[in-house]
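What follows is a set of notes on a single structure, which appears directly below.
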Amino acid sequence: MNASRDLPRLVAAIGIGVFALLPMAKLPAFYDSFLYLVFFWISLSTSWALLSGFAGYFSLGHAAFFGIGMYTTAVMTTKFGVPFLPTLPVAAAIPALLAAGIGAIVFRLRRLRGELFALLTLSVTFVIATIVLNTPIDGGGGIFMSAVPLPSIMPTPTGTLYALGFMLCVATLAIAWTVVHSRFGLGLFAIHDDEDVAEAKGVPTFRYKLGAFALSAGIAGVVGGVHAMYVGFLTVAGTFELTVPLYVVLMSVIGGSRSWFGPAIGAAFITTLLYAFNSGGEAMVGRAIVGLILIVSILWLPDGVVPAVRKWWAKRRAVAPSRPIAEVAPVVPPARPVGDRVVLQVRGASKRFGGLQALAGVDLDVREGEILGLVGPNGSGKTTLINVISGFYSLSGGSITVDGAEIGHVAAHDIARRGVARTYQIPRPFVNMTVLENVSLAATFGGPPRSAAEIRREALHWIGFTGLAGKEDVLPAGLNLHERKFLELARALAARPKLLLLDEVLSGLNPAEVDNAIRLVRAIRAQGATIVFVEHLMRAVVELSDRIAVLNEGRLFALGAPREVMRDPRVVSIYLGKAYAA
Amino acid sequence: MVERKGAVRRRGVLAGFAGAGAMLGTPAILRAAPSGKPVRVGATLSLTGFLAQTAIVHKIASEMMVEEINGRNGLLGRPIEYVLLDDQSKPEAARSLYEKLITVDKVDLIQGPYATAPILAAMGVAQRYGKVMIQSSMGIPKLQTYDRAFPATPFGPEPNVTYPNVILDAIATFPTPPKNMVVLTSKFPSAQFMAQGMKEQAERRGVKVAMYLEYESGNRDFGAIAARVKEANPDLLWVGSLGLESNLLLEALRKLDYTPKNHFHLYPAPGPLALSPDGDKALCSTFIEPDEPFLSRPGFKHLAEEFKVRATKANLPYSTIDAQGCGMISEWQILEAAVNGAGSLEDEKIAAWLKKNRVTTVYGSMRFDGPYNHGDAAQFIKQVQNKEWKVVWPKDVSAPGVKLIGA
Amino acid sequence: MPSVTLLGQALISGVLAGGLYGLLAMGLSLSWGLLRLVNLSHFALAFLAAYIVYELGTTYHVAPWWSAAMVVPLMFAIGAAQHWLFDRFKVNELGSLLMTFSFAVILEVAIQLYWTADFRRYETPYSTLSLRAGPFFIPVLDLTLCIVAALLACGTWVWLRRTYVGKALRAAAEDPDIAAAYGVDHKRLAYLLSGIGAGYAGIAGTFIALIATLAPAEIWTYLGIVFAVVIIGRLGNPLGALLAGMLIGASESLAQAVLSPAWSPVVSFSVLIVILLWDPEWL
């Protein structure tokens with residue numbers, strides 16, 4: 001029996017059993033009520049965290065979905081006589097559909113992240129609140145619910161609501177747990193840290209965000225549906241006020257918004273706090289004390305309860321010795337002959353940004369196993385070409401095919417799946433994930449479906465290959481530039497790409513590090529990858545490349561064997577000016 | 001049967017007068033102080049949150065009444081222990097706190113909270129445990145579907161029909177009776193409810209409603225609305241306002257250099273409106289004012305003075321008692337009379353007694369056997385005259401010499 | 001179909017009302033954009049200032065401009081003190097949200113304890129003064145507010161863009177380490193900025209006392225719309241905040257002139273949503 005895994009599960013099972021049967025104990029109804037409210041806030045804050053905590057898309061619109069759920073149940077039961085329980089699935093479905101609709105439009109627009117997404121969701125709340133207020137849905141008079149019959153799941157009505165709230169709470173936590181431990185959750189966490197990189201590593205960001213948003217909204221909706229019965233009298237002002245979105249943020253922040261249990265802790269804590277001081281004599285002072293306690297909490301635990309507990313737990317555990325890793329020393333095998341198969345074919349590729357023509361028709365063939373150096377003066381379009389091939393931008397004109405498949409307008413994550421990987425000039429690791437997690441993610445999304453154990457082995461292999469052995473559990477903040485660049489490489493390699501695009505991987509390295517990197521690139525090619533690399537360091541370009549392509553002003557200027565190209569006076573002239581070349 | 005009922009009613013009235021007389025007549029020394037185990041009466045009020053602005057008045061009135069009753073005979077000779085909780089202006093908090101009061105604190109009796117939403121939330125709880133609940137601030141009587149809920153304010157069962165007719169009767173006596181009106185209302189449920197009634201009754205009686213506008217409760221900027229009102233230039237401007245909305249509206253109108261010919265405001269904060277430079281001749285809804293003939297009602301003069309003292313001590317900007325405070329006073333008077341009259345703390349008996357008897361409160365003699373346990377409507381009109389509120393309609397409740405001034 | 005006079009008047013009224021949103025938004029926008037701290041207590045500070053101005057005006061009969069002169073430095077000090085807390089405990093963006101929310105709650109309680117929850121209104125002779133321009137009326141108080149707001153916005157904008165201190169602040173906001181390498185004392189500048197943001201709250205509060213109703217719960221009613229103004233005006237851009245405020249105020253007011261006024265939030269926020277999706281160049 002594995003104590004560290006089975007004990008928490010046993011505790012959880014007992015806990016669930018106790019809570020589930022609590023109303024049978026015929027405690028005073030207030031305790032059922034209070035616990036219902038705790039479950040209610042746990043469900044709401046956890047559902048909020050699915051999109052906003054995990055993926056980092058800060059939504060201020062939770063009240064909209066919650067309110068739609070409340071009013072759906074209220075209208076269906078009071079105006080159409082539908083029994084209470086059947087309204088709940090509808091109360092979940094309508095907000096979920098709305099969220100999917102909003103997401104379908106908004107998540108495609110790269111610029112609508114961060115505060116703009118928060119503003120958008122806030123605006124949606126106001127619009128929906130006003131619509132509900134001014135149409136027969138509510139119309140201003142409020143909806144009176146006390147006449148709606150409640151099914152007798154438990155001996156008392158409050159007990160029944162408790163039971164419903166409890167079931168929803170357990171379901172929400174179960175969903176959150178499942179998400180965190182799944183590919184889906186991994187992708188969401190990656191999106192939180194760096195969405196574009198996640199996309200480039202094969203995470204289908206659009207689908208995942210949409211899924212998280214819809215799931216989050218659906219849960220909020222069904223929770224609202226039950227709450228409509230609890231409150232008894234719905235008003236627009238009371239339902240759509242800013243309290244709900246604000247409180248779920250606070251609860252998630254206090255508990256730790258990146259964990260499945262963090263928001264629950266925050267919710268329980270804050271709800272209990274709010275009820276601790278409600279006697280008439282101390283009402284106002286009580287509120288101030290609540291504020292003070294919150295301030296102290298966030299000062300003491302700036303990242304929230306769960307991360308603090310984890311850190312404390314990690315310190316307590318004896319530091320395990322580093323596991324022996326199959327380290328692969330970068331051996332330089334004899335140069336392999338470049339194959340004949342064309343892996344990358346670029347035809348007339350052009351990319352326009354408004355008035356700027358970054359690429360003006362590039363033609364390029366890259367053969368299997370080749371190392372192609374891509375050079376050119378600043379602004380010649382090198383990085384743009386990389387971005388277009390990897391899918392960060394879509395082509396304005398022309399075509400790009402990888403292994404025969406046209407990718408000029410394909411989403412970046414699909415391109416990644418087809419075996420194209422890239423690194424970034426300024427390393428962009430996922431800052432909240434360890435080295436091992438970073439590389440594992442790339443292996444998970446970039447390669448074929450594998451078991452967790454296989455992915456771990458693969459990740460460790462590449463970590464060793466790039467010389468990062470021993471640093472698996474380090475966060476990127478604990479790495480120096482050299483190590484971070486190699487992390488970029490390890491991440492790119494973990495997806496076993498056919499085509500590897502390196503963007504100035506050598507910049508910022510000292511000569512010894514540069515040599516190391518050159519050895520590594522050769523070793524990578526020896527594994528069977530085709531490499532296109534952008535570089536300014538001429539000696540490295542000449543040493544490594546089988547061929548060099550020179551870009552100038554968005555066009556292919558010269559292409560050929562390294563020494564010839566670099567001696568070509570036209571090439572020299574675009575770097576140094578015509579006078580020098582002459 | 002009729003005689004018995006009449007006899008009971010007479011007895012009730014007599015009891016009420018006797019009680020009031022006793023209070024006035026008996027010197028304090030001779031009154032037996034309540035003793036024994038306290039009777040615990042639980043309630044919530046919105047002490048924080050957006051309803052706190054008016055709930056504070058209820059709190060002061062409550063505390064005053066508890067002391068008053070304890071200074072007399074208490075409830076069945078026992079002193080009252082007032083257990084007050086803060087529902088933070090949230091109906092869900094009101095619900096759970098009433099559950100706490102009833103099931104955990106095990107109070108003997110409850111009083112209702114303030115404002116429609118918390119009242120309805122609390123009513124559900126009261127219904128489940130069969131507790132009598134007296135409330136004074138729910139302006140939509142037809143929602144009071146619980147048989148043991150009792151209104152302490154004389155809205156009457158259909159204020160949206162009865163009160164607009166009171167207004168229409170009043171304006172018919174103006175030198176130039178208004179032929180058209182503009183109805184503006186906040187979308188707060190009780191205000192909107194009355195505004196719709198006003199519109200219906202006006203049209204029924206031949207007063208044209210030229211414009212009917214609803215604004216969000218909490219609207220801050222009345223500029224555009226004021227421009228529309230000015231353009232319509234109605235004979236009577238009727239505003240279903242709460243809080244300081246009337247002040248803001250009248251100011252906005254004055255910024256456009258416009259003063260409405262006649263203006264009526266439904267439930268504004270009375271102090272600020274009376275003191276506002278734009279408030280002169282403003283008409284308003286009321287149930288009672290600290291003026292004749294109400295001051296002659298047994299005990300009211302004393303209560304109005306006592307309230308003023310307490311309100312000033314609590315640093316309220318306007319310490320004159322108003323309908324809100326009187327509503328709470330009435331709640332406690334009804335509870336006292338009902339418990340002592342029924343001779344029991346059992347809710348069933350208390351409810352039965354109330355249905356069969358009248359209680360004399362500051363609002364006069366009230367009965368609870370009509371639809372939704374509401375009795376006769378007694379909603380009047382007051383007007384700002386020389387920065388003071390004077391009841392002006394109906395004539396029999398205006399102080400001598402006070403007249404309704406209309407344009 | 002509403003008359004031109006009505007529409008014009010509504011437009012004027014809305015733009016001027018939006019000036020208050022912009023003024024409230026400015027301080028928030030500065031600290032959010034340049035210090036990466038979301039200061040929810042901004043509204044509470046504005047109301048605290050408003051209540052103090054009210055108290056000075058009604059109990060001691062101090063004229064509003066003198067009250068403002070006293071209140072604004074007080075707010076500056078409070079803002080700087082707040083920043084000391086953030087700095088000392090290295091609070092991040094989300095943490096600042098929580099902390100300032102708690103500050104706001106504490107301030108609200110303090111206000112309620114002293115002034116009670118009851119409504120208060122600061123009556124002054126200026127509250128109904130208006131200028132006439134043809135068929136239109138321009139309320140003097142609101143106009144003053146907008147002029148002050150515009151001056152502050154332009155002044156701040158110029159300060160941020162032209163002076164050394166301003167540029168240093170913006171540099172530090174973008175990349176504190178590099179800026180420090182260039183000798184930018186981020187800490188001192190941050191205190192300055194915090195104080196200035198709170199000072200703006202003080203100015204906004206002075207006008208709130210003169211124009212709006214005072215009740216502790218009112219603190220929260222501005223939250224939603226001012227947030228919208230801050231974001232639309234782009235973080236850290238005082239001119240943007242003012243213009244966005246006026247835009248939203250105008251759209252609200254015009255909607256109230258043409259439709260049932262209760263529908264106006266739909267209009268203004270739908271306009272917002274459309275702007276966000278369309279993202280025109282001029283914004």
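Just so we're on the same page: first chain in the structure tokens is A, next is B, and so on; residues restart at 1 for each chain, and ligands are numbered from 1 in the order they show up.
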Please produce, as JSON lines, a per-residue contact table for chain B versus chain C (criterion: any atom at most 8 Å away, only C-alpha atoms considered), showing the nearest atom pair and its distance in Å to one decimal, sorted by chain then residue number.
{"residue": "B:Thr48", "atom": "CA", "partner": "C:Ala117", "partner_atom": "CA", "distance": 7.7}
{"residue": "B:Gly49", "atom": "CA", "partner": "C:Ala217", "partner_atom": "CA", "distance": 5.7}
{"residue": "B:Phe50", "atom": "CA", "partner": "C:Ala217", "partner_atom": "CA", "distance": 4.9}
{"residue": "B:Ala52", "atom": "CA", "partner": "C:Ala117", "partner_atom": "CA", "distance": 5.6}
{"residue": "B:Gln53", "atom": "CA", "partner": "C:Asp118", "partner_atom": "CA", "distance": 4.2}
{"residue": "B:Thr54", "atom": "CA", "partner": "C:Asp118", "partner_atom": "CA", "distance": 6.5}
{"residue": "B:Ile56", "atom": "CA", "partner": "C:Ala117", "partner_atom": "CA", "distance": 7.0}
{"residue": "B:Lys187", "atom": "CA", "partner": "C:Ala262", "partner_atom": "CA", "distance": 7.7}
{"residue": "B:Leu213", "atom": "CA", "partner": "C:Ser260", "partner_atom": "CA", "distance": 5.8}
{"residue": "B:Glu214", "atom": "CA", "partner": "C:Ala262", "partner_atom": "CA", "distance": 5.6}
{"residue": "B:Tyr215", "atom": "CA", "partner": "C:Ala262", "partner_atom": "CA", "distance": 4.1}
{"residue": "B:Glu216", "atom": "CA", "partner": "C:Ala262", "partner_atom": "CA", "distance": 4.8}
{"residue": "B:Gly218", "atom": "CA", "partner": "C:Thr221", "partner_atom": "CA", "distance": 7.7}
{"residue": "B:Arg220", "atom": "CA", "partner": "C:Ala212", "partner_atom": "CA", "distance": 7.5}
{"residue": "B:Asp221", "atom": "CA", "partner": "C:Ala17", "partner_atom": "CA", "distance": 6.7}
{"residue": "B:Gly223", "atom": "CA", "partner": "C:Ser13", "partner_atom": "CA", "distance": 5.3}
{"residue": "B:Ala224", "atom": "CA", "partner": "C:Ala10", "partner_atom": "CA", "distance": 4.5}
{"residue": "B:Ile225", "atom": "CA", "partner": "C:Ala257", "partner_atom": "CA", "distance": 6.4}
{"residue": "B:Ala227", "atom": "CA", "partner": "C:Leu6", "partner_atom": "CA", "distance": 5.9}
{"residue": "B:Arg228", "atom": "CA", "partner": "C:Leu6", "partner_atom": "CA", "distance": 6.7}
{"residue": "B:Glu231", "atom": "CA", "partner": "C:Leu6", "partner_atom": "CA", "distance": 7.6}
{"residue": "B:Gly243", "atom": "CA", "partner": "C:Phe119", "partner_atom": "CA", "distance": 7.3}
{"residue": "B:Leu244", "atom": "CA", "partner": "C:Thr213", "partner_atom": "CA", "distance": 6.7}
{"residue": "B:Leu248", "atom": "CA", "partner": "C:Ala212", "partner_atom": "CA", "distance": 7.6}
{"residue": "B:Glu251", "atom": "CA", "partner": "C:Thr128", "partner_atom": "CA", "distance": 5.9}
{"residue": "B:Ala252", "atom": "CA", "partner": "C:Thr128", "partner_atom": "CA", "distance": 7.4}
{"residue": "B:Arg254", "atom": "CA", "partner": "C:Thr128", "partner_atom": "CA", "distance": 5.8}
{"residue": "B:Lys255", "atom": "CA", "partner": "C:Thr128", "partner_atom": "CA", "distance": 4.9}
{"residue": "B:Leu256", "atom": "CA", "partner": "C:Phe137", "partner_atom": "CA", "distance": 5.6}
{"residue": "B:Asp257", "atom": "CA", "partner": "C:Ser130", "partner_atom": "CA", "distance": 7.8}
{"residue": "B:Ala269", "atom": "CA", "partner": "C:Phe119", "partner_atom": "CA", "distance": 7.7}
{"residue": "B:Pro272", "atom": "CA", "partner": "C:Arg121", "partner_atom": "CA", "distance": 6.8}
{"residue": "B:Ser276", "atom": "CA", "partner": "C:Glu123", "partner_atom": "CA", "distance": 7.2}
{"residue": "B:Ala314", "atom": "CA", "partner": "C:Thr116", "partner_atom": "CA", "distance": 7.9}
{"residue": "B:Asn315", "atom": "CA", "partner": "C:Trp115", "partner_atom": "CA", "distance": 6.8}
{"residue": "B:Leu316", "atom": "CA", "partner": "C:Thr116", "partner_atom": "CA", "distance": 6.5}
{"residue": "B:Pro317", "atom": "CA", "partner": "C:Arg120", "partner_atom": "CA", "distance": 7.1}
So that I have them on file, write out the residues from the current selection with C-alpha atoms, as a PDB file, in the first residue's frame.
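File out.pdb, as written:
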ATOM      1  CA  THR B  48     -23.852  46.778   5.598  1.00  0.00           C
ATOM      2  CA  GLY B  49     -24.226  46.862   1.855  1.00  0.00           C
ATOM      3  CA  PHE B  50     -26.365  48.979  -0.407  1.00  0.00           C
ATOM      4  CA  ALA B  52     -27.789  49.931   4.767  1.00  0.00           C
ATOM      5  CA  GLN B  53     -28.749  53.481   3.944  1.00  0.00           C
ATOM      6  CA  THR B  54     -32.296  52.914   5.085  1.00  0.00           C
ATOM      7  CA  ILE B  56     -30.010  52.026   9.838  1.00  0.00           C
ATOM      8  CA  LYS B 187     -36.541  49.581 -12.022  1.00  0.00           C
ATOM      9  CA  LEU B 213     -39.571  55.893 -18.863  1.00  0.00           C
ATOM     10  CA  GLU B 214     -37.748  53.363 -16.767  1.00  0.00           C
ATOM     11  CA  TYR B 215     -34.190  53.807 -15.588  1.00  0.00           C
ATOM     12  CA  GLU B 216     -31.808  51.428 -13.900  1.00  0.00           C
ATOM     13  CA  GLY B 218     -28.449  53.197  -9.372  1.00  0.00           C
ATOM     14  CA  ARG B 220     -26.002  58.248 -11.849  1.00  0.00           C
ATOM     15  CA  ASP B 221     -26.407  60.661 -14.704  1.00  0.00           C
ATOM     16  CA  GLY B 223     -28.870  64.596 -17.961  1.00  0.00           C
ATOM     17  CA  ALA B 224     -30.501  62.880 -20.908  1.00  0.00           C
ATOM     18  CA  ILE B 225     -33.611  61.926 -18.940  1.00  0.00           C
ATOM     19  CA  ALA B 227     -33.705  66.750 -21.289  1.00  0.00           C
ATOM     20  CA  ARG B 228     -36.534  64.434 -22.280  1.00  0.00           C
ATOM     21  CA  GLU B 231     -39.081  68.605 -23.718  1.00  0.00           C
ATOM     22  CA  GLY B 243     -32.789  57.360  -2.217  1.00  0.00           C
ATOM     23  CA  LEU B 244     -31.346  60.480  -3.710  1.00  0.00           C
ATOM     24  CA  LEU B 248     -30.237  64.249  -8.809  1.00  0.00           C
ATOM     25  CA  GLU B 251     -30.822  69.187 -10.081  1.00  0.00           C
ATOM     26  CA  ALA B 252     -30.412  67.943 -13.623  1.00  0.00           C
ATOM     27  CA  ARG B 254     -32.514  72.890 -12.979  1.00  0.00           C
ATOM     28  CA  LYS B 255     -29.244  72.736 -14.846  1.00  0.00           C
ATOM     29  CA  LEU B 256     -31.446  72.933 -17.915  1.00  0.00           C
ATOM     30  CA  ASP B 257     -33.212  75.893 -16.331  1.00  0.00           C
ATOM     31  CA  ALA B 269     -34.889  59.814   1.200  1.00  0.00           C
ATOM     32  CA  PRO B 272     -32.254  65.475   1.526  1.00  0.00           C
ATOM     33  CA  SER B 276     -32.732  70.578  -1.395  1.00  0.00           C
ATOM     34  CA  ALA B 314     -26.057  57.865  16.096  1.00  0.00           C
ATOM     35  CA  ASN B 315     -24.821  60.690  13.897  1.00  0.00           C
ATOM     36  CA  LEU B 316     -27.555  60.364  11.295  1.00  0.00           C
ATOM     37  CA  PRO B 317     -27.719  63.474   9.128  1.00  0.00           C
TER      38      PRO B 317
END
Exercise. Excluding B:Leu109 and residues on its chain fewer than 2 positions from it, collect all residues at most 9 Å away from it, counting only C-alpha atoms, and give them as a list of chain:residue names.
Key: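 Everything that qualifies: B:Val39, B:Arg40, B:Val41, B:Gly42, B:Ala43, B:Ile102, B:Lys106, B:Val107, B:Gln111, B:Lys131, B:Val132, B:Met133, B:Leu345, B:Glu346, B:Asp347.
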How about saving the chosen residues, C-alpha atoms kept, as a tab-separated table (two decimals), in the first residue's frame?
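result.tsv was written with the following content:
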chain	number	residue	atom	x	y	z
B	39	VAL	CA	-38.12	36.25	25.26
B	40	ARG	CA	-35.63	36.09	22.40
B	41	VAL	CA	-36.71	37.88	19.26
B	42	GLY	CA	-34.44	37.38	16.26
B	43	ALA	CA	-34.13	39.41	13.08
B	102	ILE	CA	-34.55	29.69	14.27
B	106	LYS	CA	-33.62	28.90	18.78
B	107	VAL	CA	-35.21	32.30	19.15
B	111	GLN	CA	-39.19	40.02	13.10
B	131	LYS	CA	-43.04	31.36	12.45
B	132	VAL	CA	-45.06	34.53	12.42
B	133	MET	CA	-43.23	37.19	10.47
B	345	LEU	CA	-45.50	32.66	22.35
B	346	GLU	CA	-46.85	30.05	19.99
B	347	ASP	CA	-46.87	31.31	16.45
Quiz item: Please, which residues of chain B lie no more than 7 Å from chain A when the count uses only C-alpha atoms, and can they be set out as a ChimeraX atom specification?
Solution: /B:47-48,84-86,91-92,96,99-100,103-104,117,120-121,124,187-189
Quiz item: Do you know which residues are at most 9 Å from B:Met64 counting only C-alpha atoms, after dropping those on the same chain fewer than 2 positions away, and could you put them as number ranges by chain?
Solution: B: 59-62, 66-69, 303, 306-307, 310, 329
Quiz item: For chain A, which residues have at least one atom within 6 Å of chain C, if we go by only C-alpha atoms? Write them as number ranges by chain, please.
Solution: A: 119, 123, 127, 250, 284, 288, 291, 295
Just write the chosen residues, N, CA and C atoms, as a PDB file, in the first residue's frame.
ATOM      1  N   LEU A 119     -12.121  42.786 -19.877  1.00  0.00           N
ATOM      2  CA  LEU A 119     -13.101  43.825 -20.195  1.00  0.00           C
ATOM      3  C   LEU A 119     -14.241  43.262 -21.022  1.00  0.00           C
ATOM      4  N   SER A 123     -18.097  43.314 -19.994  1.00  0.00           N
ATOM      5  CA  SER A 123     -19.120  43.951 -20.824  1.00  0.00           C
ATOM      6  C   SER A 123     -20.259  42.993 -21.130  1.00  0.00           C
ATOM      7  N   VAL A 127     -24.252  43.606 -20.485  1.00  0.00           N
ATOM      8  CA  VAL A 127     -25.241  43.514 -21.558  1.00  0.00           C
ATOM      9  C   VAL A 127     -26.319  42.502 -21.188  1.00  0.00           C
ATOM     10  N   LEU A 250     -10.839  36.464  -5.768  1.00  0.00           N
ATOM     11  CA  LEU A 250     -10.181  36.506  -4.469  1.00  0.00           C
ATOM     12  C   LEU A 250      -9.980  35.107  -3.907  1.00  0.00           C
ATOM     13  N   MET A 284     -20.153  45.968  11.251  1.00  0.00           N
ATOM     14  CA  MET A 284     -19.216  46.772  10.478  1.00  0.00           C
ATOM     15  C   MET A 284     -17.777  46.446  10.849  1.00  0.00           C
ATOM     16  N   ALA A 288     -14.461  44.911   8.604  1.00  0.00           N
ATOM     17  CA  ALA A 288     -13.094  45.442   8.558  1.00  0.00           C
ATOM     18  C   ALA A 288     -12.107  44.363   8.952  1.00  0.00           C
ATOM     19  N   GLY A 291     -11.419  42.170   6.104  1.00  0.00           N
ATOM     20  CA  GLY A 291     -10.474  42.808   5.194  1.00  0.00           C
ATOM     21  C   GLY A 291      -9.048  42.666   5.682  1.00  0.00           C
ATOM     22  N   ILE A 295      -5.805  40.792   3.955  1.00  0.00           N
ATOM     23  CA  ILE A 295      -4.543  41.460   3.656  1.00  0.00           C
ATOM     24  C   ILE A 295      -3.384  40.640   4.216  1.00  0.00           C
TER      25      ILE A 295
END
